[in-house]
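Everything below belongs to upload.json, which stores JSON, C-alpha atoms.
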```
[["chain", "number", "residue", "atom", "x", "y", "z"],
["A", 15, "MET", "CA", -90.76, 15.08, 35.78],
["A", 16, "ALA", "CA", -88.17, 16.27, 38.25],
["A", 17, "ILE", "CA", -88.99, 16.62, 41.92],
["A", 18, "TYR", "CA", -86.83, 18.36, 44.51],
["A", 19, "THR", "CA", -86.38, 18.31, 48.27],
["A", 20, "ILE", "CA", -84.30, 20.28, 50.75],
["A", 21, "LEU", "CA", -82.44, 18.88, 53.77],
["A", 22, "THR", "CA", -80.29, 20.51, 56.40],
["A", 23, "GLU", "CA", -76.66, 19.46, 56.64],
["A", 24, "ALA", "CA", -77.47, 17.49, 59.79],
["A", 25, "GLU", "CA", -80.39, 15.73, 58.14],
["A", 26, "LEU", "CA", -78.34, 14.71, 55.12],
["A", 27, "GLY", "CA", -75.39, 13.80, 57.34],
["A", 28, "SER", "CA", -77.41, 11.27, 59.27],
["A", 29, "HIS", "CA", -78.76, 9.63, 56.16],
["A", 30, "ALA", "CA", -77.44, 6.25, 55.13],
["A", 31, "ASP", "CA", -77.45, 7.23, 51.45],
["A", 32, "LYS", "CA", -75.64, 10.53, 52.00],
["A", 33, "VAL", "CA", -72.87, 9.86, 49.49],
["A", 34, "ASP", "CA", -75.22, 8.62, 46.78],
["A", 35, "PHE", "CA", -77.39, 11.70, 47.22],
["A", 36, "ILE", "CA", -74.37, 14.02, 47.01],
["A", 37, "LEU", "CA", -73.03, 12.35, 43.89],
["A", 38, "ASN", "CA", -76.26, 11.71, 42.04],
["A", 39, "ASN", "CA", -78.86, 14.15, 43.29],
["A", 40, "PHE", "CA", -77.11, 17.28, 44.56],
["A", 41, "VAL", "CA", -78.31, 20.47, 42.89],
["A", 42, "ASP", "CA", -77.38, 23.34, 45.15],
["A", 43, "ASN", "CA", -76.79, 24.46, 48.71],
["A", 44, "ALA", "CA", -77.78, 27.50, 50.73],
["A", 45, "LYS", "CA", -76.33, 29.10, 53.85],
["A", 46, "ASN", "CA", -77.59, 30.13, 57.28],
["A", 47, "PRO", "CA", -78.44, 27.44, 58.04],
["A", 48, "THR", "CA", -76.67, 25.22, 55.58],
["A", 49, "ARG", "CA", -79.16, 23.33, 53.47],
["A", 50, "ILE", "CA", -78.82, 21.02, 50.50],
["A", 51, "MET", "CA", -81.21, 20.79, 47.56],
["A", 52, "LEU", "CA", -81.58, 17.37, 45.94],
["A", 53, "LYS", "CA", -83.24, 16.50, 42.64],
["A", 54, "PHE", "CA", -84.92, 13.22, 41.74],
["A", 55, "ASP", "CA", -86.82, 11.84, 38.78],
["A", 56, "ASP", "CA", -90.59, 11.57, 39.23],
["A", 57, "SER", "CA", -90.74, 11.09, 43.01],
["A", 58, "LEU", "CA", -88.71, 11.26, 46.19],
["A", 59, "PRO", "CA", -87.19, 7.98, 47.41],
["A", 60, "ALA", "CA", -89.09, 6.39, 50.27],
["A", 61, "SER", "CA", -86.40, 7.34, 52.76],
["A", 62, "LEU", "CA", -87.01, 11.03, 52.02],
["A", 63, "SER", "CA", -90.77, 10.93, 51.67],
["A", 64, "SER", "CA", -91.30, 12.77, 54.95],
["A", 65, "TYR", "CA", -89.60, 15.90, 53.59],
["A", 66, "ASP", "CA", -91.34, 18.65, 51.65],
["A", 67, "SER", "CA", -91.08, 18.32, 47.90],
["A", 68, "TYR", "CA", -90.88, 21.04, 45.26],
["A", 69, "THR", "CA", -91.68, 21.02, 41.56],
["A", 70, "GLU", "CA", -89.39, 22.29, 38.83],
["A", 71, "SER", "CA", -91.36, 25.51, 38.52],
["A", 72, "GLU", "CA", -91.25, 26.10, 42.28],
["A", 73, "VAL", "CA", -87.48, 25.66, 42.30],
["A", 74, "GLN", "CA", -87.07, 27.96, 39.31],
["A", 75, "ALA", "CA", -89.14, 30.57, 41.13],
["A", 76, "MET", "CA", -86.85, 30.31, 44.16],
["A", 77, "GLN", "CA", -83.75, 30.56, 41.97],
["A", 78, "SER", "CA", -85.00, 33.73, 40.29],
["A", 79, "ASP", "CA", -86.29, 35.43, 43.46],
["A", 80, "SER", "CA", -83.62, 37.80, 44.76],
["A", 81, "SER", "CA", -85.02, 37.49, 48.29],
["A", 82, "SER", "CA", -84.69, 33.69, 48.28],
["A", 83, "ASP", "CA", -81.76, 31.81, 49.81],
["A", 84, "TRP", "CA", -81.69, 29.86, 46.55],
["A", 85, "TYR", "CA", -81.32, 32.90, 44.31],
["A", 86, "LEU", "CA", -78.77, 32.29, 41.56],
["A", 87, "GLY", "CA", -78.36, 35.86, 40.45],
["B", 30, "MET", "CA", -41.17, 32.73, 55.64],
["B", 31, "LEU", "CA", -44.29, 34.35, 54.27],
["B", 32, "GLY", "CA", -42.27, 37.18, 52.76],
["B", 33, "VAL", "CA", -39.91, 34.75, 51.09],
["B", 34, "GLY", "CA", -42.84, 32.81, 49.65],
["B", 35, "LEU", "CA", -44.42, 35.94, 48.25],
["B", 36, "ASN", "CA", -41.14, 37.00, 46.69],
["B", 37, "ILE", "CA", -40.79, 33.63, 45.00],
["B", 38, "ALA", "CA", -44.37, 33.86, 43.72],
["B", 39, "SER", "CA", -43.79, 37.41, 42.47],
["B", 40, "SER", "CA", -40.64, 36.35, 40.68],
["B", 41, "TYR", "CA", -42.52, 33.52, 39.08],
["B", 42, "THR", "CA", -45.30, 35.88, 38.00],
["B", 43, "ALA", "CA", -42.77, 38.12, 36.28],
["B", 44, "ALA", "CA", -41.08, 35.18, 34.59],
["B", 45, "LEU", "CA", -44.45, 33.83, 33.47],
["B", 46, "ALA", "CA", -45.41, 37.15, 31.92],
["B", 47, "ALA", "CA", -42.16, 37.18, 29.99],
["B", 48, "ALA", "CA", -42.53, 33.58, 28.85],
["B", 49, "SER", "CA", -46.15, 33.97, 27.78],
["B", 50, "ALA", "CA", -45.32, 36.39, 24.99],
["B", 51, "GLY", "CA", -44.02, 33.56, 22.84],
["B", 52, "TYR", "CA", -46.65, 30.93, 23.54],
["B", 53, "THR", "CA", -48.87, 29.83, 20.67],
["B", 54, "ASN", "CA", -51.86, 27.86, 21.87],
["B", 55, "SER", "CA", -53.05, 26.09, 18.74],
["B", 56, "HIS", "CA", -55.58, 23.53, 19.98],
["B", 57, "SER", "CA", -57.94, 22.52, 22.75],
["B", 58, "VAL", "CA", -59.95, 19.30, 23.17],
["B", 59, "VAL", "CA", -63.63, 19.25, 22.27],
["B", 60, "LEU", "CA", -65.96, 17.01, 24.29],
["B", 61, "ASP", "CA", -69.58, 16.20, 23.45],
["B", 62, "GLY", "CA", -70.92, 15.67, 26.97],
["B", 63, "SER", "CA", -71.69, 12.00, 26.53],
["B", 64, "GLY", "CA", -68.60, 10.04, 27.47],
["B", 65, "ASP", "CA", -65.81, 12.00, 25.83],
["B", 66, "PHE", "CA", -62.94, 12.91, 28.13],
["B", 67, "PHE", "CA", -59.16, 13.29, 28.32],
["B", 68, "ASP", "CA", -57.58, 10.44, 30.28],
["B", 69, "THR", "CA", -54.52, 11.39, 32.32],
["B", 70, "ASN", "CA", -53.61, 7.69, 32.52],
["B", 71, "THR", "CA", -52.61, 8.10, 36.15],
["B", 72, "THR", "CA", -54.51, 7.76, 39.41],
["B", 73, "LEU", "CA", -52.48, 10.42, 41.23],
["B", 74, "GLN", "CA", -53.23, 8.55, 44.43],
["B", 75, "SER", "CA", -50.11, 9.64, 46.30],
["B", 76, "GLN", "CA", -50.46, 13.24, 45.11],
["B", 77, "ILE", "CA", -54.15, 13.45, 46.11],
["B", 78, "ARG", "CA", -53.17, 12.23, 49.59],
["B", 79, "ASN", "CA", -51.31, 15.53, 49.99],
["B", 80, "SER", "CA", -51.82, 19.15, 48.88],
["B", 81, "PHE", "CA", -52.58, 19.66, 45.21],
["B", 82, "THR", "CA", -53.98, 22.12, 42.68],
["B", 83, "ILE", "CA", -55.93, 21.45, 39.48],
["B", 84, "SER", "CA", -55.95, 24.08, 36.74],
["B", 85, "ALA", "CA", -57.77, 24.16, 33.40],
["B", 86, "TRP", "CA", -59.34, 26.40, 30.81],
["B", 87, "ILE", "CA", -62.90, 25.48, 29.87],
["B", 88, "LYS", "CA", -65.60, 26.69, 27.52],
["B", 89, "LEU", "CA", -69.03, 25.17, 28.03],
["B", 90, "ASP", "CA", -71.87, 24.86, 25.54],
["B", 91, "ASP", "CA", -74.18, 25.63, 28.47],
["B", 92, "GLY", "CA", -73.10, 27.30, 31.72],
["B", 93, "THR", "CA", -76.09, 25.78, 33.49],
["B", 94, "PRO", "CA", -76.06, 22.23, 32.12],
["B", 95, "SER", "CA", -78.96, 19.84, 32.61],
["B", 96, "GLN", "CA", -76.74, 17.68, 34.79],
["B", 97, "THR", "CA", -73.42, 18.05, 36.59],
["B", 98, "GLN", "CA", -70.43, 18.23, 34.25],
["B", 99, "TYR", "CA", -66.98, 17.32, 35.59],
["B", 100, "ILE", "CA", -63.91, 19.34, 34.76],
["B", 101, "ALA", "CA", -61.87, 16.64, 36.49],
["B", 102, "GLY", "CA", -62.66, 13.60, 38.50],
["B", 103, "SER", "CA", -62.31, 9.97, 39.39],
["B", 104, "SER", "CA", -64.33, 7.60, 41.47],
["B", 105, "ASN", "CA", -63.43, 4.50, 43.40],
["B", 106, "SER", "CA", -65.25, 2.77, 46.22],
["B", 107, "GLY", "CA", -65.31, 5.12, 49.20],
["B", 108, "ASN", "CA", -62.87, 7.50, 47.53],
["B", 109, "LEU", "CA", -63.44, 10.12, 44.89],
["B", 110, "LEU", "CA", -62.40, 13.50, 43.66],
["B", 111, "GLY", "CA", -64.54, 15.72, 41.49],
["B", 112, "PHE", "CA", -64.33, 19.30, 40.25],
["B", 113, "ALA", "CA", -67.52, 20.19, 38.46],
["B", 114, "VAL", "CA", -70.05, 22.66, 37.16],
["B", 115, "GLN", "CA", -73.48, 22.06, 38.67],
["B", 116, "SER", "CA", -76.77, 22.54, 36.83],
["B", 117, "SER", "CA", -77.09, 25.76, 38.85],
["B", 118, "GLY", "CA", -73.96, 27.06, 37.11],
["B", 119, "LYS", "CA", -71.95, 26.83, 40.33],
["B", 120, "LEU", "CA", -68.45, 25.40, 40.50],
["B", 121, "THR", "CA", -68.26, 22.58, 43.01],
["B", 122, "ALA", "CA", -65.65, 20.25, 44.45],
["B", 123, "VAL", "CA", -66.49, 16.89, 45.96],
["B", 124, "HIS", "CA", -63.83, 14.94, 47.79],
["B", 125, "GLN", "CA", -64.15, 11.57, 49.47],
["B", 126, "ALA", "CA", -61.27, 9.81, 51.20],
["B", 127, "ASN", "CA", -61.62, 6.58, 53.11],
["B", 128, "SER", "CA", -65.40, 7.28, 53.20],
["B", 129, "ASP", "CA", -65.14, 10.80, 54.67],
["B", 130, "ILE", "CA", -66.80, 13.19, 52.22],
["B", 131, "ALA", "CA", -66.81, 16.96, 51.72],
["B", 132, "LEU", "CA", -68.75, 19.11, 49.31],
["B", 133, "TYR", "CA", -67.48, 22.60, 48.50],
["B", 134, "THR", "CA", -69.77, 24.77, 46.39],
["B", 135, "ALA", "CA", -69.74, 28.32, 45.12],
["B", 136, "ASP", "CA", -72.13, 30.65, 46.92],
["B", 137, "ALA", "CA", -73.28, 32.29, 43.68],
["B", 138, "ALA", "CA", -73.70, 31.02, 40.15],
["B", 139, "THR", "CA", -70.31, 30.94, 38.46],
["B", 140, "PHE", "CA", -71.68, 30.63, 34.94],
["B", 141, "SER", "CA", -74.87, 31.88, 33.30],
["B", 142, "ASP", "CA", -77.32, 30.04, 31.10],
["B", 143, "GLY", "CA", -76.10, 29.52, 27.56],
["B", 144, "ALA", "CA", -72.70, 29.14, 25.98],
["B", 145, "THR", "CA", -69.86, 30.49, 28.10],
["B", 146, "ASP", "CA", -66.71, 32.33, 27.17],
["B", 147, "TRP", "CA", -63.42, 30.65, 27.87],
["B", 148, "ALA", "CA", -62.71, 30.69, 31.60],
["B", 149, "HIS", "CA", -59.82, 29.55, 33.76],
["B", 150, "VAL", "CA", -60.85, 27.42, 36.71],
["B", 151, "ALA", "CA", -58.73, 26.03, 39.51],
["B", 152, "LEU", "CA", -59.23, 23.90, 42.60],
["B", 153, "LYS", "CA", -56.77, 23.94, 45.47],
["B", 154, "VAL", "CA", -56.91, 21.23, 48.13],
["B", 155, "THR", "CA", -54.93, 21.40, 51.35],
["B", 156, "PRO", "CA", -54.98, 18.85, 54.18],
["B", 157, "THR", "CA", -54.97, 20.50, 57.57],
["B", 158, "GLU", "CA", -54.08, 19.55, 61.10],
["B", 159, "ALA", "CA", -56.32, 17.08, 62.86],
["B", 160, "GLY", "CA", -59.68, 18.53, 63.81],
["B", 161, "SER", "CA", -60.40, 21.08, 61.14],
["B", 162, "GLY", "CA", -60.66, 18.93, 58.02],
["B", 163, "THR", "CA", -59.29, 19.47, 54.54],
["B", 164, "ASP", "CA", -59.38, 23.01, 53.15],
["B", 165, "TYR", "CA", -60.53, 23.83, 49.62],
["B", 166, "ALA", "CA", -60.38, 26.91, 47.43],
["B", 167, "ILE", "CA", -61.94, 27.43, 44.00],
["B", 168, "TYR", "CA", -60.74, 30.09, 41.56],
["B", 169, "LEU", "CA", -62.32, 31.64, 38.50],
["B", 170, "ASN", "CA", -60.08, 33.54, 36.10],
["B", 171, "GLY", "CA", -57.37, 33.76, 38.73],
["B", 172, "SER", "CA", -59.47, 34.98, 41.65],
["B", 173, "GLU", "CA", -60.82, 32.92, 44.52],
["B", 174, "ILE", "CA", -64.61, 32.76, 44.71],
["B", 175, "ALA", "CA", -66.71, 32.51, 47.87],
["B", 176, "CYS", "CA", -67.83, 28.97, 48.62],
["B", 177, "THR", "CA", -69.43, 26.95, 51.40],
["B", 178, "LYS", "CA", -68.13, 23.63, 52.69],
["B", 179, "ILE", "CA", -70.55, 20.91, 53.71],
["B", 180, "PHE", "CA", -69.16, 18.00, 55.72],
["B", 181, "SER", "CA", -65.42, 17.46, 55.90],
["B", 182, "VAL", "CA", -62.57, 15.05, 55.26],
["B", 183, "SER", "CA", -60.39, 14.46, 58.31],
["B", 184, "ALA", "CA", -56.62, 14.76, 58.14],
["B", 185, "SER", "CA", -56.15, 11.06, 58.79],
["B", 186, "ASN", "CA", -58.62, 10.03, 56.09],
["B", 187, "HIS", "CA", -57.28, 12.59, 53.61],
["B", 188, "ASN", "CA", -54.01, 10.70, 53.73],
["B", 189, "GLN", "CA", -55.75, 7.40, 53.02],
["B", 190, "TYR", "CA", -57.32, 8.37, 49.68],
["B", 191, "THR", "CA", -57.15, 5.22, 47.58],
["B", 192, "SER", "CA", -57.94, 4.95, 43.91],
["B", 193, "ALA", "CA", -57.12, 2.56, 41.09],
["B", 194, "ARG", "CA", -58.87, 4.78, 38.54],
["B", 195, "ASN", "CA", -57.18, 7.40, 36.43],
["B", 196, "LEU", "CA", -58.07, 11.03, 36.97],
["B", 197, "GLY", "CA", -60.16, 12.23, 34.05],
["B", 198, "ALA", "CA", -59.95, 15.70, 32.56],
["B", 199, "GLY", "CA", -63.33, 16.85, 31.32],
["B", 200, "GLY", "CA", -65.08, 13.90, 32.91],
["B", 201, "PHE", "CA", -65.50, 11.76, 36.01],
["B", 202, "THR", "CA", -63.88, 8.38, 35.44],
["B", 203, "ASN", "CA", -66.00, 5.47, 36.53],
["B", 204, "GLY", "CA", -64.06, 2.63, 34.96],
["B", 205, "VAL", "CA", -61.06, 1.81, 32.80],
["B", 206, "GLY", "CA", -61.14, 4.31, 29.95],
["B", 207, "THR", "CA", -64.70, 5.42, 30.66],
["B", 208, "ALA", "CA", -66.20, 8.47, 32.29],
["B", 209, "THR", "CA", -69.61, 9.81, 33.14],
["B", 210, "THR", "CA", -71.06, 13.31, 33.43],
["B", 211, "THR", "CA", -68.51, 14.76, 31.07],
["B", 212, "ILE", "CA", -68.13, 18.31, 29.80],
["B", 213, "ASP", "CA", -70.11, 19.44, 26.77],
["B", 214, "GLY", "CA", -67.71, 21.98, 25.35],
["B", 215, "PHE", "CA", -63.95, 22.48, 25.34],
["B", 216, "ILE", "CA", -61.08, 21.96, 27.76],
["B", 217, "ASP", "CA", -57.53, 23.18, 27.38],
["B", 218, "GLU", "CA", -54.22, 23.54, 29.23],
["B", 219, "PHE", "CA", -55.10, 21.02, 31.94],
["B", 220, "ALA", "CA", -52.53, 20.98, 34.73],
["B", 221, "PHE", "CA", -52.09, 19.21, 38.04],
["B", 222, "PHE", "CA", -49.66, 20.58, 40.64],
["B", 223, "ASP", "CA", -48.47, 18.47, 43.57],
["B", 224, "ALA", "CA", -48.74, 21.44, 45.94],
["B", 225, "ALA", "CA", -51.22, 24.09, 47.01],
["B", 226, "LEU", "CA", -50.28, 27.04, 44.81],
["B", 227, "GLU", "CA", -50.16, 30.56, 46.19],
["B", 228, "ASP", "CA", -53.05, 32.84, 45.25],
["B", 229, "SER", "CA", -50.60, 34.96, 43.26],
["B", 230, "GLU", "CA", -49.47, 31.93, 41.27],
["B", 231, "ILE", "CA", -53.06, 31.00, 40.36],
["B", 232, "SER", "CA", -53.73, 34.62, 39.45],
["B", 233, "ALA", "CA", -50.70, 34.58, 37.17],
["B", 234, "ILE", "CA", -51.87, 31.38, 35.47],
["B", 235, "GLY", "CA", -55.55, 32.21, 35.10],
["B", 236, "GLY", "CA", -55.95, 35.93, 35.50],
["B", 237, "GLY", "CA", -54.54, 37.15, 32.24],
["B", 238, "GLY", "CA", -57.39, 36.25, 29.93],
["B", 239, "ALA", "CA", -55.45, 33.64, 27.99],
["B", 240, "PRO", "CA", -53.17, 30.70, 28.80],
["B", 241, "THR", "CA", -49.45, 31.07, 29.25],
["B", 242, "ASP", "CA", -46.80, 28.39, 28.92],
["B", 243, "ILE", "CA", -46.38, 27.05, 32.46],
["B", 244, "THR", "CA", -43.99, 24.23, 31.58],
["B", 245, "ASP", "CA", -41.36, 25.35, 34.09],
["B", 246, "HIS", "CA", -43.75, 26.06, 36.97],
["B", 247, "ASP", "CA", -42.78, 24.74, 40.38],
["B", 248, "HIS", "CA", -44.64, 21.60, 41.50],
["B", 249, "LEU", "CA", -46.03, 20.94, 38.01],
["B", 250, "HIS", "CA", -46.84, 17.22, 37.95],
["B", 251, "LEU", "CA", -49.06, 17.00, 34.85],
["B", 252, "TYR", "CA", -49.42, 19.55, 32.07],
["B", 253, "TYR", "CA", -51.35, 18.86, 28.92],
["B", 254, "LYS", "CA", -51.15, 21.74, 26.47],
["B", 255, "MET", "CA", -53.47, 19.75, 24.18],
["B", 256, "ASN", "CA", -51.87, 21.35, 21.14],
["B", 257, "ASN", "CA", -52.73, 18.44, 18.84],
["B", 258, "SER", "CA", -50.87, 16.22, 21.28],
["B", 259, "THR", "CA", -51.70, 14.20, 24.38],
["B", 260, "ASP", "CA", -48.17, 14.53, 25.73],
["B", 261, "ASP", "CA", -47.60, 15.53, 29.33],
["B", 262, "GLU", "CA", -45.16, 18.44, 29.27],
["B", 263, "ALA", "CA", -44.16, 17.55, 32.83],
["B", 264, "GLY", "CA", -43.10, 14.11, 31.65],
["B", 265, "ASN", "CA", -45.00, 12.03, 34.19],
["B", 266, "SER", "CA", -47.98, 10.59, 32.30],
["B", 267, "ASN", "CA", -48.95, 11.10, 28.69],
["B", 268, "GLY", "CA", -52.71, 11.29, 28.24],
["B", 269, "SER", "CA", -55.25, 9.73, 25.88],
["B", 270, "LEU", "CA", -58.34, 10.99, 24.11],
["B", 271, "ARG", "CA", -61.29, 8.77, 25.07],
["B", 272, "ASP", "CA", -64.52, 8.04, 23.22],
["B", 273, "ASN", "CA", -65.04, 10.81, 20.64],
["B", 274, "ALA", "CA", -62.83, 13.44, 22.27],
["B", 275, "ALA", "CA", -60.89, 15.29, 19.56],
["B", 276, "PHE", "CA", -58.54, 18.20, 19.11],
["B", 277, "SER", "CA", -60.07, 21.52, 18.10],
["B", 278, "THR", "CA", -58.60, 24.79, 16.89],
["B", 279, "THR", "CA", -61.01, 26.67, 19.16],
["B", 280, "THR", "CA", -58.75, 28.06, 21.85],
["B", 281, "PRO", "CA", -58.75, 30.59, 24.65]]
```

Could the structure of this file be written out as structure tokens, please?
Amino acid sequence: MAIYTILTEAELGSHADKVDFILNNFVDNAKNPTRIMLKFDDSLPASLSSYDSYTESEVQAMQSDSSSDWYLG
Amino acid sequence: MLGVGLNIASSYTAALAAASAGYTNSHSVVLDGSGDFFDTNTTLQSQIRNSFTISAWIKLDDGTPSQTQYIAGSSNSGNLLGFAVQSSGKLTAVHQANSDIALYTADAATFSDGATDWAHVALKVTPTEAGSGTDYAIYLNGSEIACTKIFSVSASNHNQYTSARNLGAGGFTNGVGTATTTIDGFIDEFAFFDAALEDSEISAIGGGGAPTDITDHDHLHLYYKMNNSTDDEAGNSNGSLRDNAAFSTTTP
């Protein structure tokens, strides 16, 4: 089951695994402020465990909510 | 200078319109999304160290695929180039040079869920003066779309892009003759220009609803019509069909 998390650009930029996350886990980004959504299988890696996590259904709700920064239209 | 450039682009647009009347596009390449891709058989290292433009027509089985699908790409340690459709349906470019990385993503979904119509997509990459990082522009059907850049590639590192892997069309090469996260659908008329094309030039190539013959276009470095042939019309690097990639009579 997929699990998601959201980091700011600064948070991702300071992460040692930044490139791996961009290449393998990037799902979407949002503006003002710039944030990056990452997707993982089953659970967040230990290095990201302090961040909030979101389920597939929660992400789908954000993507279909026109008032959300993650709205896909 | 700007006026001269626009006049040249306008002249090219007119010539392209005239040339397109006689172009018969007979085939595309069909890819199954699990390793199939079109190999350009060239790394394009020196070209990617400068300004360049990638152009292709694509038709996806799903505009919001379950995982990222690469229209073009190659990966080497600390260096990569990718032009992709994300699972969100957004067009995205990722560029890494000498470990600097930039991610450039559409602000709104480019494609919807389900099979897409044929679309022309283009990525323009332009190194800039020191301090501001490389510039990117993404086009859909000849028009630039709004995108956001995350991180940046410095001018000095842009010029140190190093890759021993061929650029893949319809996939992201990760080894000799192999690619990952490939397109599930069709790709056609793949072209690589060794310059940043003018907006009007990209509009002329992709804005007309169907491909035109761009064989004589300025700065054309690779051009695969994919009309039952892997030949490069620009004469620099003939391609290869990899894995189960095959020609198809489905065309834009």

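Atom pair CA of Glu158 in chain B / CA of Ala184 in chain B has a distance of 6.2 Å (rounded to one decimal).
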
Original post:
When distances are computed from only C-alpha atoms, which of A:His29, A:Glu72, A:Pro59, A:Ser64 shows the smallest separation from Trp84 in chain A?
Top reply: A:Glu72

Subject >> Counting all atoms listed in the file, the option among A:Ala30, A:Ala44, A:Leu58, A:Met51 closest to Ala16 in chain A >> reply: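 Nearest to Ala16 in chain A: A:Leu58.
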
Original post:
Which residue gives the smallest distance to Leu86 in chain A among B:Phe81, B:Phe140, B:Phe67, B:Trp86, with all atoms listed in the file counted?
Top reply: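 For Leu86 in chain A, the nearest of the given residues is B:Phe140.
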
Original post:
Separation of CA of Gly162 in chain B and CA of Asn79 in chain B, in Å?
Top reply: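 Interatomic distance, CA of Gly162 in chain B to CA of Asn79 in chain B: 12.8 Å.
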
Give me, as JSON lines, the closest atom pair and its distance (Å, one decimal) for every residue of chain A within a cut-off of 7 Å of chain B, counting all atoms listed in the file, rows sorted by chain and rising number.
```
{"residue": "A:Glu23", "atom": "CA", "partner": "B:Ile179", "partner_atom": "CA", "distance": 6.9}
{"residue": "A:Val41", "atom": "CA", "partner": "B:Ser116", "partner_atom": "CA", "distance": 6.6}
{"residue": "A:Asp42", "atom": "CA", "partner": "B:Ser117", "partner_atom": "CA", "distance": 6.8}
{"residue": "A:Leu86", "atom": "CA", "partner": "B:Ala138", "partner_atom": "CA", "distance": 5.4}
{"residue": "A:Gly87", "atom": "CA", "partner": "B:Ala138", "partner_atom": "CA", "distance": 6.7}
```
